[in-house]
Structure formats: C-alpha cells, structure tokens
Amino acid sequence: MDEARADGADGAPADGTHGARADGARTTGASGASWARTGGASRIGGASRAGGASRAGRVARAAGWLGAGVLLAGAGAGVTAVGTGAPGLETVTFTRIGCSETRTAKGGGAWHCFGMSAAQIAAAEEDRRRAALDVLRGRPSGPPPVRTTRLSFVAHDGREDPAEVTATRVGSRWIAHAPGVVGTGAALLLGGCGALAAGVARLRAARGVSQISR
C-alpha cells in the first residue's frame with residue numbers, strides 16, 4: 001500500500017503536472033520569441049521605410065535649391081556680361097541719341113531711346129548726297145529715310161539726352177551699358193550663389209542623416 005501511494009501520489013504529479021507545466025513554459029517561450037521576431041522586424045522595417053522617404057525628401061529639396069541656384073547664377077552672369085560688353089558679344093557705340101521717355105530722378109534711366117551707329121551715320125550722309133544729286137538732275141526723290149537703332153535701359157539724368165551710348169546686341173534688341181543693368185545682373189548672381197550654398201548645405205545634412213541612420 002505504501003509503495004502504491006508513493007507511486008500514485010508522488011509519481012503522478014511528477015510525470016503529469018510537472019510535465020504539463022514544462023510543456024506550457026516551452027510553448028509560451030516559443031510563441032513569445034516568435035512574436036518578438038515578427039513584431040520587431042515589422043517595426044524595424046517600418047522605421048527604415050520612413051527614414052528612406054525622409055532622406056529622399058531632403059535630397060529632392062536640396063536638388064531644387066541647387067537647380068534654382070544654377071539658373072539664377074547663369075542669368076546673373078549673362079545680364080552682367082551684356083551690361084559690361086563681355087568679349088565675344090556684338091557691342092556698338094551709338095551717337096545722336098534721342099529719348100522720348102525718361103525718369104526725372106537723377107541717376108535714373110530711359111526704357112527706350114534711339115541712336116545711330118557710325119555705319120548708320122555714313123549711310124545717312126550717302127543718302128543725302130544722292131538726294132542732292134537727284135535734285136540737281138531734276139529728279140527729286142524726296143528726303144531719305146533716317147535709319148536709327150532702338151536702345152533699351154539707357155542711363156539718363158532726366159534733363160539732357162546722353163551724347164553717346166554703348167550697347168550690346170541680344171537677339172534683335174540692343175541693351176545699353178548702364179549701372180542698372182549691371183546691378184540687376186549682380187543681384188541675380190548673388191542670389192544664385194546663395195541658393196547654391198543653401199542647396200549644398202541641405203545636401204550635406206541629408207547625407208549626414210543617412211550615414212547616422214545606417
């Protein structure tokens with residue numbers, strides 16, 4: 001009887017209850033480890049995707065600043081070259097200037113004036129000589145046409161038209177060499193340099209965040 005109780009009372013719990021607890025502990029541990037692996041991996045993957053999108057946005061904004069800087073700097077360099085008559089551009093000095101609209105303030109300018117180059121003056125003198133000969137021959141042809149060139153952004157003091165104006169040709173227009181033109185080009189150039197500096201700084205910051213996240 002004592003041996004039976006020992007085998008029944010002591011053996012059953014040892015083989016049944018303790019075994020069930022051990023099996024439950026192993027099952028719980030395995031499920032917890034599986035949850036940790038799947039949940040942790042999903043959180044890490046989500047954070048990685050969010051960080052990648054954020055870095056891409058920073059790089060895109062930096063590229064926008066760089067593009068704007070290149071455009072502004074290029075425009076500023078072009079306007080400055082035109083306003084100063086850089087080598088390689090067609091530049092002519094005009095005389096017999098006539099301006100119909102001016103700014104009265106000292107140091108202002110006229111949007112549009114008309115002038116004559118040396119070639120136009122020589123052609124006008126030849127036309128007058130021929131007209132005079134036609135009159136002597138009894139075949140008057142009327143007054144010869146006056147050939148002038150339209151000039152833009154001419155520096156003007158608001159009182160008297162300038163004696164001469166030097167201008168550079170851009171397409172079909174002649175842009176006068178004036179402080180206002182050069183100042184506009186310099187402002188655009190400075191703006192472009194500032195935008196380029198901002199773009200470089202943003203690009204470096206984006207790269208720095210990318211390296212830290214790795």
# chains A, B, ... in the order shown; residues from 1 in each chain; ligands from 1
$ select_by_dssp --residues "range 105-172 of chain A" --states "strand (DSSP E or B)" --output "list in words"
Gly109, Ala110, Trp111, His112, Cys113, Phe114, Gly115, Met116, Thr149, Arg150, Leu151, Ser152, Phe153, Val154, Ala155, Glu164, Val165, Thr166, Ala167, Thr168, Arg169 and Val170 of chain A
$ residues_around --residues "Val165 in chain A" --least-positions-apart "6" --cutoff "10 Å" --atoms "only C-alpha atoms" --output "number ranges by chain"
A: 92-97, 113-117, 151, 154-155, 175-178
$ residues_around --residues "Arg61 in chain A" --least-positions-apart "4" --cutoff "12 Å" --atoms "only C-alpha atoms" --output "PyMOL selection string"
chain A and resi 54-57+65-68+195-196+198-206
$ residues_around --residues "Pro145 in chain A" --least-positions-apart "4" --cutoff "10 Å" --atoms "only C-alpha atoms" --output "VMD selection string"
chain A and resid 124 127 to 128
$ residues_around --residues "range 185-190 of chain A" --least-positions-apart "4" --cutoff "10 Å" --atoms "only C-alpha atoms" --output "ChimeraX atom specification"
/A:69-83,179-181,194-196
$ write_last_selection --atoms "all heavy atoms" --output "CSV table (one decimal), in the first residue's frame"
chain,number,residue,atom,x,y,z
A,69,GLY,N,19.7,77.7,-57.9
A,69,GLY,CA,20.9,78.5,-57.9
A,69,GLY,C,21.6,78.5,-59.2
A,69,GLY,O,22.2,79.6,-59.6
A,70,VAL,N,21.6,77.4,-59.9
A,70,VAL,CA,22.3,77.3,-61.2
A,70,VAL,C,21.6,78.3,-62.2
A,70,VAL,O,22.2,79.1,-63.0
A,70,VAL,CB,22.3,75.9,-61.8
A,70,VAL,CG1,22.8,75.9,-63.2
A,70,VAL,CG2,23.3,75.0,-60.9
A,71,LEU,N,20.3,78.3,-62.2
A,71,LEU,CA,19.5,79.2,-63.1
A,71,LEU,C,19.8,80.6,-62.8
A,71,LEU,O,20.0,81.5,-63.7
A,71,LEU,CB,18.0,78.8,-63.0
A,71,LEU,CG,17.6,77.5,-63.6
A,71,LEU,CD1,16.1,77.3,-63.3
A,71,LEU,CD2,17.9,77.4,-65.1
A,72,LEU,N,19.7,81.0,-61.5
A,72,LEU,CA,19.9,82.4,-61.1
A,72,LEU,C,21.3,82.9,-61.4
A,72,LEU,O,21.5,84.0,-61.9
A,72,LEU,CB,19.6,82.6,-59.6
A,72,LEU,CG,18.1,82.5,-59.2
A,72,LEU,CD1,17.9,82.6,-57.7
A,72,LEU,CD2,17.3,83.7,-59.9
A,73,ALA,N,22.3,82.0,-61.1
A,73,ALA,CA,23.7,82.4,-61.3
A,73,ALA,C,23.9,82.5,-62.8
A,73,ALA,O,24.6,83.5,-63.3
A,73,ALA,CB,24.6,81.3,-60.7
A,74,GLY,N,23.4,81.6,-63.6
A,74,GLY,CA,23.5,81.7,-65.1
A,74,GLY,C,22.9,83.0,-65.6
A,74,GLY,O,23.5,83.7,-66.5
A,75,ALA,N,21.7,83.3,-65.2
A,75,ALA,CA,21.0,84.5,-65.6
A,75,ALA,C,21.8,85.8,-65.2
A,75,ALA,O,22.0,86.7,-66.0
A,75,ALA,CB,19.6,84.6,-65.1
A,76,GLY,N,22.3,85.8,-64.0
A,76,GLY,CA,23.0,86.9,-63.5
A,76,GLY,C,24.3,87.1,-64.3
A,76,GLY,O,24.7,88.3,-64.6
A,77,ALA,N,25.0,86.0,-64.5
A,77,ALA,CA,26.3,86.1,-65.3
A,77,ALA,C,26.0,86.7,-66.7
A,77,ALA,O,26.7,87.5,-67.3
A,77,ALA,CB,27.0,84.8,-65.4
A,78,GLY,N,24.9,86.2,-67.3
A,78,GLY,CA,24.5,86.7,-68.7
A,78,GLY,C,24.2,88.1,-68.7
A,78,GLY,O,24.6,88.9,-69.6
A,79,VAL,N,23.4,88.6,-67.7
A,79,VAL,CA,23.0,90.0,-67.7
A,79,VAL,C,24.2,90.9,-67.4
A,79,VAL,O,24.4,91.9,-68.0
A,79,VAL,CB,21.9,90.2,-66.6
A,79,VAL,CG1,21.6,91.7,-66.4
A,79,VAL,CG2,20.6,89.5,-67.0
A,80,THR,N,25.1,90.4,-66.5
A,80,THR,CA,26.3,91.2,-66.2
A,80,THR,C,27.2,91.3,-67.5
A,80,THR,O,27.8,92.3,-67.8
A,80,THR,CB,27.0,90.6,-65.1
A,80,THR,OG1,26.2,90.5,-63.9
A,80,THR,CG2,28.3,91.4,-64.7
A,81,ALA,N,27.3,90.2,-68.2
A,81,ALA,CA,28.1,90.2,-69.4
A,81,ALA,C,27.5,91.2,-70.4
A,81,ALA,O,28.3,91.9,-71.1
A,81,ALA,CB,28.2,88.8,-70.0
A,82,VAL,N,26.2,91.2,-70.6
A,82,VAL,CA,25.6,92.1,-71.5
A,82,VAL,C,25.8,93.5,-71.1
A,82,VAL,O,26.1,94.4,-71.9
A,82,VAL,CB,24.1,91.8,-71.7
A,82,VAL,CG1,23.4,92.9,-72.5
A,82,VAL,CG2,23.9,90.4,-72.4
A,83,GLY,N,25.6,93.8,-69.8
A,83,GLY,CA,25.7,95.2,-69.3
A,83,GLY,C,27.1,95.7,-69.3
A,83,GLY,O,27.3,96.9,-69.2
A,179,PRO,N,24.5,101.3,-65.3
A,179,PRO,CA,24.6,100.8,-63.9
A,179,PRO,C,23.4,99.9,-63.5
A,179,PRO,O,23.6,98.9,-62.8
A,179,PRO,CB,24.7,102.0,-63.0
A,179,PRO,CG,25.2,103.1,-64.0
A,179,PRO,CD,24.6,102.8,-65.3
A,180,GLY,N,22.2,100.3,-64.0
A,180,GLY,CA,21.0,99.5,-63.6
A,180,GLY,C,21.1,98.1,-64.1
A,180,GLY,O,20.7,97.1,-63.5
A,181,VAL,N,21.6,97.9,-65.3
A,181,VAL,CA,21.7,96.6,-65.9
A,181,VAL,C,22.8,95.8,-65.2
A,181,VAL,O,22.5,94.6,-64.8
A,181,VAL,CB,22.1,96.7,-67.4
A,181,VAL,CG1,22.3,95.3,-68.0
A,181,VAL,CG2,21.0,97.5,-68.2
A,194,GLY,N,23.8,82.3,-53.3
A,194,GLY,CA,23.1,82.0,-52.1
A,194,GLY,C,22.3,80.7,-52.2
A,194,GLY,O,22.3,79.8,-51.3
A,195,ALA,N,21.6,80.5,-53.3
A,195,ALA,CA,20.8,79.3,-53.5
A,195,ALA,C,21.7,78.1,-53.6
A,195,ALA,O,21.3,77.0,-53.1
A,195,ALA,CB,19.9,79.5,-54.7
A,196,LEU,N,22.8,78.2,-54.3
A,196,LEU,CA,23.7,77.1,-54.4
A,196,LEU,C,24.3,76.7,-53.0
A,196,LEU,O,24.4,75.5,-52.7
A,196,LEU,CB,24.8,77.5,-55.4
A,196,LEU,CG,24.5,77.5,-56.9
A,196,LEU,CD1,25.7,78.0,-57.7
A,196,LEU,CD2,24.1,76.1,-57.3
$ atom_distance --atom1 "CA of Asp161 in chain A" --atom2 "CA of Leu89 in chain A"
25.4 Å
$ select_by_dssp --residues "range 51-211 of chain A" --states "alpha helix (DSSP H)" --output "PyMOL selection string"
chain A and resi 51-84+118-136+179-211
$ atom_distance --atom1 "CA of Thr149 in chain A" --atom2 "CA of Pro87 in chain A"
21.5 Å
$ residues_around --residues "Ser141 in chain A" --least-positions-apart "2" --cutoff "12 Å" --atoms "only C-alpha atoms" --output "ChimeraX atom specification"
/A:127-139,143-145
$ atom_distance --atom1 "CA of Asp157 in chain A" --atom2 "CA of Ala118 in chain A"
24.3 Å
